[in-house]
Amino acid sequence: MERYDQFPQKARARLRRPLMATWAGLWVERALRAFWPLLSSLALFGAWLFSGLAAITPLWASQFAFALATLAILTSAVLGVMRFRRPRRIEALARLDAALPGTPIAALSDAQVTGVADPASRAVWEAHLARMAEKLDAARAQSPRPELAPRDPFALRLIAATALVVALLFGVRLAGPGLSSMVPGAAPEVAQASWEGWIEPPAYTGKPTLYLNDQPTGDLTVPDGSRVTLRLYGKVDEITISETWSDETPTEPLPTRLFTIDGAGTLTINDDNWQITALDDAAPAIEVTGDLTRTLAGEMQQGFTATDDYGVATGRAQFDLDLPEVEREYGLTADPEPRDPIVVDLPMPFRGSREEVEELLVENFAEHPWAEMPVTVTMTAVDAAGQTGQSDPVALTLPGRRFLNPIAQAIIEMRRDILWTMDNAPRAARILRAVSHAPEGFFPKSGQAEQLRATLAALETDGLNSPVRDEVAQSLWDLAIELEEGALADALERLRRAQDRLQEAMEQGATPEELSELMNELREAMRDYMNQLAEQSRENGEQQQAQNGETMEMSQQDLQEMMDRIEELMREGRMEEAQQMLQMLQQMMENMQVTQGQGQQGQNPGQQAMRDLQDTLRDQRDLSDETFRDQQGQQPGQQGQQGQQEGQQGQGDQQGQPGQGQQPGQEPGQGQGQNEDQKQGMGLAERQQMLENQLRRQRDNLPGAGTEEGRAAREALDRAGRAMDDAADALEQGDNAGALDRQADAMEEMREGMRNLEDALRREAQDGQDQQQAGGQGEQRGGPDGRDRRDPLGREAGDRGALGSDSPLADGDDVYRRAEELMEELRRRSGETERPELEREYVERLLDLF
């Protein structure tokens with residue numbers, strides 16, 4: 001650095017301002033490096049003073065903190081003086097020169113050593129000095145660089161600074177108790193006496209907190225149980241407090257007073273006086289409202305109303321056996337085993353006010369031993385304060401499941417007896433063994449009687465205990481449920497079952513709610529049966545004339561009116577007339593005749609072609625599903641239930657009809673089984689190619705070639721075949737995504753072709769019907785073979801499935817009503833997602849057309 005001593009004064013004058021600023025920065029830098037511990041200690045001490053901690057800590061703690069701070073300040077000051085090194089001006093020149101390009105200050109401080117006498121060399125040197133002097137104009141003051149991070153690795157200086165800022169912003173008192181109070185023997189300064197008060201009502205009341213300083217003196221009303229908080233400041237001994245709720249008044253003034261208002265009283269603070277009245281929290285009230293309703297499954301609904309001035313918190317209902325009202329006969333003659341009452345929680349609203357609650361208790365006690373026995377129900381409401389209110393006991397019969405099957409009734413009665421007391425176990429076992437002795441005609445399945453006898457073995461042992469008894473009771477319950485509900489797969493059997501259940505319920509005096517539920521079950525069974533009749537009529541194409549007697553023709557509207565009349569009679573309590581009409585309805589349904597189709601012989605070529613195309617479309621849809629699963633890495637067994645159900649329904653629609661790959665004379669499903677065997681072991685591409693070949697044969701044999709619709713159907717199927725061929729190529733190349741797109745195109749084209757084929761067949765049927773009418777052929781209600789051509793609803797079928805000209809839709813005064821009914825039926829069927837996709841598409845086209 002000695003070289004900077006030769007820096008010319010003329011050049012130094014050009015650097016005066018940046019040099020002085022850089023020199024000052026060096027002073028700051030050296031001071032921070034030496035005295036940062038001192039500054040940190042002062043900041044921490046200031047934070048202690050301004051934060052107000054000194055005001056809430058004991059005096060000895062404040063004095064200890066003052067002593068510790070003094071020691072830290074003195075130590076850091078001494079160490080800082082020892083470490084401090086005064087910066088020189090030449091050091092400022094060196095830092096300023098280091099910031100300039102080419103270090104011009106050092107260059108100007110140098111002297112020429114060689115060539116001093118040479119004028120040329122001297123000229124070069126002067127030019128060099130002139131260029132260096134020009135660079136001095138770019139000099140700027142350099143900021144200090146204390147570099148405290150390496151010297152303070154724990155960032156204590158930042159902690160102290162943050163604490164000081166927080167204390168200055170949020171400190172409670174400006175200077176705590178003051179420095180004089182920290183000196184032993186010094187008298188602290190005490191502020192003027194002041195106070196604050198709050199009255200906080202219980203949280204469950206929802207009332208706001210009152211700031212007592214803002215409340216005018218005089219009468220003040222608050223909820224009972226409100227909490228009073230008084231905070232005193234300054235000379236607390238000058239504040240006089242008088243209140244009538246505390247048992248003992250503190251002998252010494254305290255900075256905080258807490259007490260609870262549990263009644264009327266007086267609060268006096270200095271010259272302020274309040275006469276406080278406590279509002280009593282009334283106990284909640286609850287009552288049972290409305291009549292008990294029940295369902296066949298044993299679910300009960302009982303209304304109740306609960307009220308409270310601040311809201312009901314919880315509630316419960318308790319059911320006790322009304323033993324004096326129990327009919328003590330048969331298995332109930334013995335004394336019952338002790339059982340705890342039934343206790344359930346009452347439903348409460350999640351939102352809104354609970355000051356008045358009107359709800360329904362919905363429970364199912366069908367499996368409880370007290371089901372169908374007299375009980376008393378008592379409801380209890382509880383408020384947030386813990387107060388309770390009870391309703392008057394209400395006598396009722398605990399709802400149970402209503403069993404209409406006689407065997408199920410016997411099983412449930414014996415189950416009740418063994419749950420009443422285990423002493424009834426031998427008697428119940430004997431009765432149930434007698435019931436299962438000759439199961440033929442009583443148990444739908446032979447295994448059910450064997451299951452019953454196996455269950456009874458546990459009742460006949462000497463070591464019967466409560467857990468074993470409960471297991472037997474559960475087994476008997478499950479068996480009774482199985483007997484009551486059964487596995488009814490056939491529509492006619494479901495209809496008969498619904499009629500029998502309704503008949504039995506009317507005889508047993510069921511409640512209106514149970515009769516309404518059974519009536520809805522009958523309506524659903526009737527609708528399913530009528531749909532089955534219409535479906536079979538469409539499949540067979542014609543009906544056989546009855547061998548003995550005439551077939552009764554009924555419309556769906558007639559059946560609906562009869563069921564409405566039955567329900568009306570039941571509501572009016574005219575059970576005998578309702579039973580007679582129900583028997584009449586049952587006889588009418590039994591007289592309705594449906595003749596199974598004759599298979600291949602009952603179909604014309606157009607119908608067979610449509611069936612084959614439906615089978616091909618379904619196979620293509622299944623193949624597309626497998627392609628998608630293969631792309632997603634799924635197993636074939638993970639197919640959704642919807643596709644499986646559609647496949648099963650499609651198979652059910654074709655029973656009696658030879659489908660694709662099925663030769664005439666084969667049993668239904670035989671040809672399909674052969675196709676399934678062929679599919680096994682084949683890849684997706686091979687199966688796709690097989691479907692394309694099958695579609696080509698169907699297209700070549702397609703009827704209706706002479707009509708415009710027939711030609712459009714062939715063109716659509718031709719496009720579908722080309723899409724199938726492209727899909728097969730994509731599958732061979734492993735492009736499943738491309739194959740899915742082409743398969744979707746093929747299915748769409750097949751649907752278009754089938755729609756065109758339907759139009760072609762309909763036109764041929766209409767042309768044939770016109771020819772028959774022109775030639776005087778045909779009869780109003782019989783075909784050329786003399787067989788009746790009406791469907792079960794009285795509608796006459798044409799030559800190719802179309803309605804005949806003498807159909808009820810074409811004559812009569814009520815044609816508009818019948819047309820509206822048909823439209824409603826079409827809308828209903830279009831919304832039933834369980835129907836096959838082809839049928840729903842056809843229904844939607846009909847709705848769009850009309």
# chains A, B, ... in the order shown; residues from 1 in each chain; ligands from 1
>>> residues_around(residues="Phe45 in chain A", least_positions_apart="3", cutoff="12 Å", atoms="only C-alpha atoms", output="number ranges by chain")
A: 38-42, 48-54, 62, 64-73, 160-161, 163-164, 167, 175-176, 179
>>> select_by_dssp(residues="range 96-209 of chain A", states="alpha helix (DSSP H)", output="count of residues only")
45
>>> residues_around(residues="range 221-232 of chain A", least_positions_apart="5", cutoff="7 Å", atoms="only C-alpha atoms", output="list in words")
Ser194, Trp195, Glu196, Gly197, Trp198, Ile199, Glu200, Pro201, Pro202, Pro255, Thr256, Arg257, Leu258, Phe259, Thr260, Ile261, Asp262, Gly263, Ile276, Thr277, Ala278, Leu279, Asp280 and Asp281 of chain A
>>> write_last_selection(atoms="C-alpha atoms", output="PDB file, in the first residue's frame")
ATOM      1  CA  SER A 194     -58.270   1.831  37.060  1.00  0.00           C
ATOM      2  CA  TRP A 195     -60.372  -1.236  36.293  1.00  0.00           C
ATOM      3  CA  GLU A 196     -62.047  -3.159  33.483  1.00  0.00           C
ATOM      4  CA  GLY A 197     -64.890  -5.647  33.697  1.00  0.00           C
ATOM      5  CA  TRP A 198     -66.656  -8.182  31.479  1.00  0.00           C
ATOM      6  CA  ILE A 199     -69.809 -10.265  31.931  1.00  0.00           C
ATOM      7  CA  GLU A 200     -69.622 -13.402  29.797  1.00  0.00           C
ATOM      8  CA  PRO A 201     -72.882 -15.433  29.477  1.00  0.00           C
ATOM      9  CA  PRO A 202     -72.632 -19.223  29.036  1.00  0.00           C
ATOM     10  CA  PRO A 255     -55.360  -7.630  40.257  1.00  0.00           C
ATOM     11  CA  THR A 256     -58.081  -9.968  38.921  1.00  0.00           C
ATOM     12  CA  ARG A 257     -61.450 -10.959  40.385  1.00  0.00           C
ATOM     13  CA  LEU A 258     -63.597 -13.790  39.007  1.00  0.00           C
ATOM     14  CA  PHE A 259     -67.065 -14.880  40.149  1.00  0.00           C
ATOM     15  CA  THR A 260     -70.244 -16.400  38.694  1.00  0.00           C
ATOM     16  CA  ILE A 261     -73.732 -14.926  38.764  1.00  0.00           C
ATOM     17  CA  ASP A 262     -76.064 -17.629  40.062  1.00  0.00           C
ATOM     18  CA  GLY A 263     -78.957 -15.429  41.099  1.00  0.00           C
ATOM     19  CA  ILE A 276     -78.250  -7.589  38.309  1.00  0.00           C
ATOM     20  CA  THR A 277     -81.137  -9.943  37.564  1.00  0.00           C
ATOM     21  CA  ALA A 278     -80.273 -13.524  36.501  1.00  0.00           C
ATOM     22  CA  LEU A 279     -82.533 -15.123  33.914  1.00  0.00           C
ATOM     23  CA  ASP A 280     -83.253 -18.693  34.906  1.00  0.00           C
ATOM     24  CA  ASP A 281     -82.435 -21.418  32.360  1.00  0.00           C
TER      25      ASP A 281
END
>>> residues_around(residues="Met379 in chain A", least_positions_apart="4", cutoff="12 Å", atoms="only C-alpha atoms", output="NGL selection string")
:A and (284-289 or 302-306 or 314-320 or 342-347 or 361 or 388-394)
>>> write_last_selection(atoms="N, CA and C atoms", output="tab-separated table (two decimals), in the first residue's frame")
chain	number	residue	atom	x	y	z
A	284	PRO	N	-85.65	-28.28	29.61
A	284	PRO	CA	-86.29	-28.58	28.33
A	284	PRO	C	-87.57	-29.38	28.52
A	285	ALA	N	-88.43	-29.31	27.51
A	285	ALA	CA	-89.69	-30.07	27.50
A	285	ALA	C	-89.76	-30.90	26.23
A	286	ILE	N	-90.36	-32.06	26.34
A	286	ILE	CA	-90.47	-32.97	25.19
A	286	ILE	C	-91.77	-33.75	25.32
A	287	GLU	N	-92.37	-34.06	24.18
A	287	GLU	CA	-93.59	-34.84	24.16
A	287	GLU	C	-93.63	-35.68	22.89
A	288	VAL	N	-94.31	-36.79	22.98
A	288	VAL	CA	-94.52	-37.68	21.84
A	288	VAL	C	-95.71	-37.15	21.05
A	289	THR	N	-95.53	-37.00	19.75
A	289	THR	CA	-96.59	-36.43	18.91
A	289	THR	C	-96.92	-37.39	17.78
A	302	GLN	N	-91.95	-42.54	14.75
A	302	GLN	CA	-92.70	-41.90	15.83
A	302	GLN	C	-92.24	-40.45	15.94
A	303	GLY	N	-93.18	-39.52	15.85
A	303	GLY	CA	-92.84	-38.11	15.94
A	303	GLY	C	-92.70	-37.65	17.37
A	304	PHE	N	-91.93	-36.59	17.55
A	304	PHE	CA	-91.77	-35.98	18.87
A	304	PHE	C	-91.44	-34.51	18.68
A	305	THR	N	-91.70	-33.73	19.72
A	305	THR	CA	-91.41	-32.30	19.73
A	305	THR	C	-90.69	-31.97	21.02
A	306	ALA	N	-89.54	-31.32	20.91
A	306	ALA	CA	-88.73	-30.92	22.07
A	306	ALA	C	-88.48	-29.42	21.99
A	314	THR	N	-79.26	-32.79	23.36
A	314	THR	CA	-79.39	-34.20	22.99
A	314	THR	C	-80.73	-34.71	23.47
A	315	GLY	N	-81.04	-35.92	23.07
A	315	GLY	CA	-82.28	-36.58	23.51
A	315	GLY	C	-82.16	-38.07	23.36
A	316	ARG	N	-83.01	-38.77	24.07
A	316	ARG	CA	-83.02	-40.24	23.98
A	316	ARG	C	-84.44	-40.73	24.22
A	317	ALA	N	-84.69	-41.91	23.73
A	317	ALA	CA	-85.99	-42.57	23.91
A	317	ALA	C	-85.73	-43.91	24.59
A	318	GLN	N	-86.53	-44.22	25.58
A	318	GLN	CA	-86.39	-45.46	26.33
A	318	GLN	C	-87.68	-46.26	26.22
A	319	PHE	N	-87.54	-47.51	25.80
A	319	PHE	CA	-88.67	-48.43	25.66
A	319	PHE	C	-88.59	-49.46	26.78
A	320	ASP	N	-89.65	-49.54	27.58
A	320	ASP	CA	-89.74	-50.51	28.67
A	320	ASP	C	-90.89	-51.47	28.39
A	342	ILE	N	-84.74	-50.68	26.13
A	342	ILE	CA	-84.19	-50.24	24.84
A	342	ILE	C	-84.00	-48.73	24.90
A	343	VAL	N	-82.78	-48.28	24.71
A	343	VAL	CA	-82.46	-46.86	24.75
A	343	VAL	C	-81.81	-46.48	23.43
A	344	VAL	N	-82.37	-45.51	22.75
A	344	VAL	CA	-81.83	-45.03	21.48
A	344	VAL	C	-81.76	-43.50	21.54
A	345	ASP	N	-80.83	-42.95	20.80
A	345	ASP	CA	-80.69	-41.50	20.72
A	345	ASP	C	-81.74	-40.93	19.78
A	346	LEU	N	-82.23	-39.76	20.13
A	346	LEU	CA	-83.19	-39.08	19.29
A	346	LEU	C	-82.46	-38.25	18.22
A	347	PRO	N	-82.96	-38.20	17.01
A	347	PRO	CA	-82.31	-37.40	15.97
A	347	PRO	C	-82.47	-35.91	16.25
A	361	LEU	N	-88.49	-40.16	15.03
A	361	LEU	CA	-87.63	-41.26	15.45
A	361	LEU	C	-87.90	-42.45	14.53
A	388	THR	N	-82.64	-31.78	32.32
A	388	THR	CA	-83.39	-32.79	31.57
A	388	THR	C	-84.89	-32.54	31.69
A	389	GLY	N	-85.59	-33.01	30.69
A	389	GLY	CA	-87.05	-32.99	30.71
A	389	GLY	C	-87.57	-34.27	30.09
A	390	GLN	N	-88.59	-34.86	30.67
A	390	GLN	CA	-89.12	-36.14	30.22
A	390	GLN	C	-90.56	-35.99	29.77
A	391	SER	N	-90.90	-36.83	28.81
A	391	SER	CA	-92.29	-36.88	28.35
A	391	SER	C	-93.08	-37.87	29.19
A	392	ASP	N	-94.38	-37.80	29.08
A	392	ASP	CA	-95.21	-38.79	29.76
A	392	ASP	C	-95.07	-40.14	29.05
A	393	PRO	N	-95.04	-41.24	29.79
A	393	PRO	CA	-94.95	-42.55	29.14
A	393	PRO	C	-96.13	-42.78	28.20
A	394	VAL	N	-95.83	-43.28	27.03
A	394	VAL	CA	-96.85	-43.56	26.02
A	394	VAL	C	-96.84	-45.07	25.76
>>> select_by_dssp(residues="range 348-403 of chain A", states="strand (DSSP E or B)", output="number ranges by chain")
A: 356-364, 374-383, 388-390, 394-397
>>> residues_around(residues="Ala730 in chain A", least_positions_apart="3", cutoff="12 Å", atoms="only C-alpha atoms", output="ChimeraX atom specification")
/A:627,684-686,688-689,723-727,733-743
>>> write_last_selection(atoms="N, CA, C and O atoms", output="PDB file, in the first residue's frame")
ATOM      1  N   THR A 627     -61.568 -55.658 -25.841  1.00  0.00           N
ATOM      2  CA  THR A 627     -60.456 -54.867 -26.371  1.00  0.00           C
ATOM      3  C   THR A 627     -60.100 -53.735 -25.412  1.00  0.00           C
ATOM      4  O   THR A 627     -58.912 -53.457 -25.169  1.00  0.00           O
ATOM      5  N   LEU A 684     -58.005 -61.631 -30.353  1.00  0.00           N
ATOM      6  CA  LEU A 684     -59.000 -60.601 -30.617  1.00  0.00           C
ATOM      7  C   LEU A 684     -59.110 -60.316 -32.102  1.00  0.00           C
ATOM      8  O   LEU A 684     -60.209 -60.114 -32.638  1.00  0.00           O
ATOM      9  N   ALA A 685     -57.987 -60.294 -32.800  1.00  0.00           N
ATOM     10  CA  ALA A 685     -58.027 -60.021 -34.246  1.00  0.00           C
ATOM     11  C   ALA A 685     -58.766 -61.123 -34.997  1.00  0.00           C
ATOM     12  O   ALA A 685     -59.557 -60.859 -35.916  1.00  0.00           O
ATOM     13  N   GLU A 686     -58.532 -62.390 -34.622  1.00  0.00           N
ATOM     14  CA  GLU A 686     -59.217 -63.492 -35.296  1.00  0.00           C
ATOM     15  C   GLU A 686     -60.718 -63.435 -35.045  1.00  0.00           C
ATOM     16  O   GLU A 686     -61.532 -63.675 -35.960  1.00  0.00           O
ATOM     17  N   GLN A 688     -62.423 -60.741 -34.399  1.00  0.00           N
ATOM     18  CA  GLN A 688     -62.945 -59.620 -35.153  1.00  0.00           C
ATOM     19  C   GLN A 688     -63.151 -59.997 -36.624  1.00  0.00           C
ATOM     20  O   GLN A 688     -64.146 -59.620 -37.248  1.00  0.00           O
ATOM     21  N   GLN A 689     -62.201 -60.749 -37.182  1.00  0.00           N
ATOM     22  CA  GLN A 689     -62.335 -61.173 -38.576  1.00  0.00           C
ATOM     23  C   GLN A 689     -63.507 -62.135 -38.745  1.00  0.00           C
ATOM     24  O   GLN A 689     -64.231 -62.089 -39.750  1.00  0.00           O
ATOM     25  N   ALA A 723     -65.345 -51.281 -41.531  1.00  0.00           N
ATOM     26  CA  ALA A 723     -64.824 -50.840 -40.237  1.00  0.00           C
ATOM     27  C   ALA A 723     -64.341 -52.016 -39.399  1.00  0.00           C
ATOM     28  O   ALA A 723     -63.310 -51.925 -38.710  1.00  0.00           O
ATOM     29  N   MET A 724     -65.053 -53.157 -39.476  1.00  0.00           N
ATOM     30  CA  MET A 724     -64.603 -54.354 -38.753  1.00  0.00           C
ATOM     31  C   MET A 724     -63.268 -54.844 -39.294  1.00  0.00           C
ATOM     32  O   MET A 724     -62.374 -55.267 -38.544  1.00  0.00           O
ATOM     33  N   ASP A 725     -63.107 -54.811 -40.619  1.00  0.00           N
ATOM     34  CA  ASP A 725     -61.855 -55.261 -41.229  1.00  0.00           C
ATOM     35  C   ASP A 725     -60.706 -54.365 -40.775  1.00  0.00           C
ATOM     36  O   ASP A 725     -59.610 -54.853 -40.468  1.00  0.00           O
ATOM     37  N   ASP A 726     -60.935 -53.042 -40.733  1.00  0.00           N
ATOM     38  CA  ASP A 726     -59.885 -52.133 -40.249  1.00  0.00           C
ATOM     39  C   ASP A 726     -59.582 -52.389 -38.771  1.00  0.00           C
ATOM     40  O   ASP A 726     -58.416 -52.302 -38.343  1.00  0.00           O
ATOM     41  N   ALA A 727     -60.611 -52.692 -37.996  1.00  0.00           N
ATOM     42  CA  ALA A 727     -60.378 -52.995 -36.580  1.00  0.00           C
ATOM     43  C   ALA A 727     -59.543 -54.252 -36.418  1.00  0.00           C
ATOM     44  O   ALA A 727     -58.671 -54.328 -35.543  1.00  0.00           O
ATOM     45  N   GLN A 733     -51.867 -55.346 -35.354  1.00  0.00           N
ATOM     46  CA  GLN A 733     -50.705 -54.487 -35.162  1.00  0.00           C
ATOM     47  C   GLN A 733     -50.549 -54.037 -33.711  1.00  0.00           C
ATOM     48  O   GLN A 733     -49.622 -53.292 -33.399  1.00  0.00           O
ATOM     49  N   GLY A 734     -51.449 -54.443 -32.842  1.00  0.00           N
ATOM     50  CA  GLY A 734     -51.371 -54.064 -31.433  1.00  0.00           C
ATOM     51  C   GLY A 734     -51.883 -52.680 -31.132  1.00  0.00           C
ATOM     52  O   GLY A 734     -51.665 -52.152 -30.034  1.00  0.00           O
ATOM     53  N   ASP A 735     -52.582 -52.048 -32.092  1.00  0.00           N
ATOM     54  CA  ASP A 735     -53.132 -50.706 -31.895  1.00  0.00           C
ATOM     55  C   ASP A 735     -54.555 -50.834 -31.343  1.00  0.00           C
ATOM     56  O   ASP A 735     -55.536 -50.729 -32.079  1.00  0.00           O
ATOM     57  N   ASN A 736     -54.670 -51.054 -30.043  1.00  0.00           N
ATOM     58  CA  ASN A 736     -55.997 -51.243 -29.452  1.00  0.00           C
ATOM     59  C   ASN A 736     -56.823 -49.965 -29.489  1.00  0.00           C
ATOM     60  O   ASN A 736     -58.043 -50.000 -29.640  1.00  0.00           O
ATOM     61  N   ALA A 737     -56.175 -48.803 -29.331  1.00  0.00           N
ATOM     62  CA  ALA A 737     -56.928 -47.542 -29.361  1.00  0.00           C
ATOM     63  C   ALA A 737     -57.569 -47.332 -30.730  1.00  0.00           C
ATOM     64  O   ALA A 737     -58.745 -46.976 -30.844  1.00  0.00           O
ATOM     65  N   GLY A 738     -56.794 -47.571 -31.796  1.00  0.00           N
ATOM     66  CA  GLY A 738     -57.373 -47.445 -33.130  1.00  0.00           C
ATOM     67  C   GLY A 738     -58.454 -48.475 -33.387  1.00  0.00           C
ATOM     68  O   GLY A 738     -59.457 -48.194 -34.054  1.00  0.00           O
ATOM     69  N   ALA A 739     -58.265 -49.690 -32.847  1.00  0.00           N
ATOM     70  CA  ALA A 739     -59.279 -50.731 -33.028  1.00  0.00           C
ATOM     71  C   ALA A 739     -60.582 -50.343 -32.344  1.00  0.00           C
ATOM     72  O   ALA A 739     -61.673 -50.595 -32.867  1.00  0.00           O
ATOM     73  N   LEU A 740     -60.488 -49.722 -31.149  1.00  0.00           N
ATOM     74  CA  LEU A 740     -61.706 -49.303 -30.453  1.00  0.00           C
ATOM     75  C   LEU A 740     -62.482 -48.272 -31.272  1.00  0.00           C
ATOM     76  O   LEU A 740     -63.713 -48.313 -31.339  1.00  0.00           O
ATOM     77  N   ASP A 741     -61.772 -47.338 -31.890  1.00  0.00           N
ATOM     78  CA  ASP A 741     -62.452 -46.341 -32.722  1.00  0.00           C
ATOM     79  C   ASP A 741     -63.173 -46.999 -33.897  1.00  0.00           C
ATOM     80  O   ASP A 741     -64.335 -46.673 -34.197  1.00  0.00           O
ATOM     81  N   ARG A 742     -62.522 -47.936 -34.575  1.00  0.00           N
ATOM     82  CA  ARG A 742     -63.140 -48.581 -35.725  1.00  0.00           C
ATOM     83  C   ARG A 742     -64.286 -49.492 -35.293  1.00  0.00           C
ATOM     84  O   ARG A 742     -65.287 -49.628 -35.995  1.00  0.00           O
ATOM     85  N   GLN A 743     -64.149 -50.132 -34.129  1.00  0.00           N
ATOM     86  CA  GLN A 743     -65.247 -50.965 -33.623  1.00  0.00           C
ATOM     87  C   GLN A 743     -66.467 -50.108 -33.305  1.00  0.00           C
ATOM     88  O   GLN A 743     -67.608 -50.511 -33.560  1.00  0.00           O
TER      89      GLN A 743
END
>>> residues_around(residues="range 460-474 of chain A", least_positions_apart="2", cutoff="8 Å", atoms="only C-alpha atoms", output="PyMOL selection string")
chain A and resi 415+418-419+422+425-426+429+455-458+476-478
>>> write_last_selection(atoms="all heavy atoms", output="compact mmCIF listing (two decimals), in the first residue's frame")
# COMPACT_ATOMS: atom_id res chain seq x y z
N ARG A 415 -89.17 -68.50 18.04
CA ARG A 415 -87.99 -67.67 18.32
C ARG A 415 -88.31 -66.69 19.45
O ARG A 415 -87.49 -66.47 20.34
CB ARG A 415 -87.58 -66.91 17.06
CG ARG A 415 -86.46 -65.90 17.26
CD ARG A 415 -86.19 -65.14 15.98
NE ARG A 415 -85.16 -64.14 16.15
CZ ARG A 415 -85.35 -62.90 16.57
NH1 ARG A 415 -86.59 -62.51 16.86
NH2 ARG A 415 -84.35 -62.06 16.70
N ILE A 418 -88.22 -68.62 22.90
CA ILE A 418 -86.91 -68.97 23.49
C ILE A 418 -86.16 -67.70 23.90
O ILE A 418 -85.32 -67.76 24.81
CB ILE A 418 -86.06 -69.81 22.52
CG1 ILE A 418 -85.75 -69.01 21.25
CG2 ILE A 418 -86.75 -71.11 22.18
CD1 ILE A 418 -84.80 -69.75 20.32
N LEU A 419 -86.44 -66.55 23.27
CA LEU A 419 -85.83 -65.31 23.72
C LEU A 419 -86.53 -64.78 24.96
O LEU A 419 -85.94 -64.02 25.74
CB LEU A 419 -85.89 -64.25 22.61
CG LEU A 419 -84.97 -64.49 21.41
CD1 LEU A 419 -85.22 -63.44 20.33
CD2 LEU A 419 -83.50 -64.47 21.83
N MET A 422 -85.21 -69.13 28.41
CA MET A 422 -84.62 -70.36 27.89
C MET A 422 -85.38 -71.60 28.36
O MET A 422 -85.17 -72.70 27.82
CB MET A 422 -83.14 -70.45 28.31
CG MET A 422 -82.23 -69.54 27.50
SD MET A 422 -80.48 -69.80 27.83
CE MET A 422 -80.37 -69.18 29.50
N ALA A 425 -87.15 -73.53 25.60
CA ALA A 425 -86.39 -74.17 24.53
C ALA A 425 -86.89 -75.58 24.20
O ALA A 425 -87.08 -75.91 23.02
CB ALA A 425 -84.90 -74.19 24.88
N PRO A 426 -87.13 -76.46 25.16
CA PRO A 426 -87.61 -77.82 24.80
C PRO A 426 -88.95 -77.78 24.08
O PRO A 426 -89.15 -78.48 23.08
CB PRO A 426 -87.70 -78.52 26.15
CG PRO A 426 -86.74 -77.78 27.03
CD PRO A 426 -86.84 -76.36 26.61
N ALA A 429 -88.48 -76.53 20.53
CA ALA A 429 -87.83 -77.52 19.68
C ALA A 429 -88.83 -78.58 19.23
O ALA A 429 -88.81 -79.01 18.06
CB ALA A 429 -86.66 -78.16 20.43
N THR A 455 -80.72 -76.72 13.30
CA THR A 455 -80.67 -75.62 14.27
C THR A 455 -81.26 -76.04 15.60
O THR A 455 -80.81 -75.59 16.66
CB THR A 455 -81.43 -74.41 13.70
OG1 THR A 455 -80.86 -74.05 12.44
CG2 THR A 455 -81.35 -73.23 14.64
N LEU A 456 -82.26 -76.92 15.56
CA LEU A 456 -82.94 -77.29 16.80
C LEU A 456 -82.10 -78.15 17.71
O LEU A 456 -82.41 -78.28 18.90
CB LEU A 456 -84.24 -78.03 16.45
CG LEU A 456 -85.26 -77.23 15.62
CD1 LEU A 456 -86.47 -78.09 15.33
CD2 LEU A 456 -85.66 -75.97 16.36
N ALA A 457 -81.04 -78.75 17.18
CA ALA A 457 -80.22 -79.62 18.02
C ALA A 457 -79.62 -78.87 19.21
O ALA A 457 -79.48 -79.42 20.31
CB ALA A 457 -79.11 -80.26 17.18
N ALA A 458 -79.28 -77.60 18.99
CA ALA A 458 -78.69 -76.83 20.08
C ALA A 458 -79.70 -76.54 21.18
O ALA A 458 -79.32 -76.36 22.35
CB ALA A 458 -78.12 -75.52 19.54
N LEU A 476 -82.89 -68.84 13.20
CA LEU A 476 -84.32 -68.93 12.95
C LEU A 476 -84.84 -67.69 12.23
O LEU A 476 -85.70 -67.77 11.36
CB LEU A 476 -85.07 -69.12 14.28
CG LEU A 476 -84.81 -70.45 15.01
CD1 LEU A 476 -85.56 -70.48 16.34
CD2 LEU A 476 -85.23 -71.63 14.15
N TRP A 477 -84.30 -66.53 12.60
CA TRP A 477 -84.72 -65.29 11.93
C TRP A 477 -84.33 -65.32 10.44
O TRP A 477 -85.14 -64.98 9.58
CB TRP A 477 -84.07 -64.10 12.63
CG TRP A 477 -84.35 -62.80 11.94
CD1 TRP A 477 -83.59 -62.18 11.00
CD2 TRP A 477 -85.50 -61.96 12.13
NE1 TRP A 477 -84.16 -61.02 10.59
CE2 TRP A 477 -85.34 -60.85 11.26
CE3 TRP A 477 -86.63 -62.03 12.94
CZ2 TRP A 477 -86.28 -59.84 11.20
CZ3 TRP A 477 -87.57 -61.01 12.86
CH2 TRP A 477 -87.39 -59.94 12.01
N ASP A 478 -83.12 -65.72 10.17
CA ASP A 478 -82.67 -65.77 8.77
C ASP A 478 -83.52 -66.75 7.96
O ASP A 478 -83.87 -66.47 6.81
CB ASP A 478 -81.20 -66.18 8.71
CG ASP A 478 -80.29 -65.15 9.36
OD1 ASP A 478 -80.71 -63.98 9.46
OD2 ASP A 478 -79.17 -65.51 9.77
>>> closest_residue(among="A:Leu59, A:Leu32, A:Val377, A:Leu148", to="Val81 in chain A", atoms="only C-alpha atoms")
A:Leu32
>>> residues_around(residues="Arg827 in chain A", least_positions_apart="2", cutoff="12 Å", atoms="only C-alpha atoms", output="number ranges by chain")
A: 820-825, 829-832, 840-848, 850
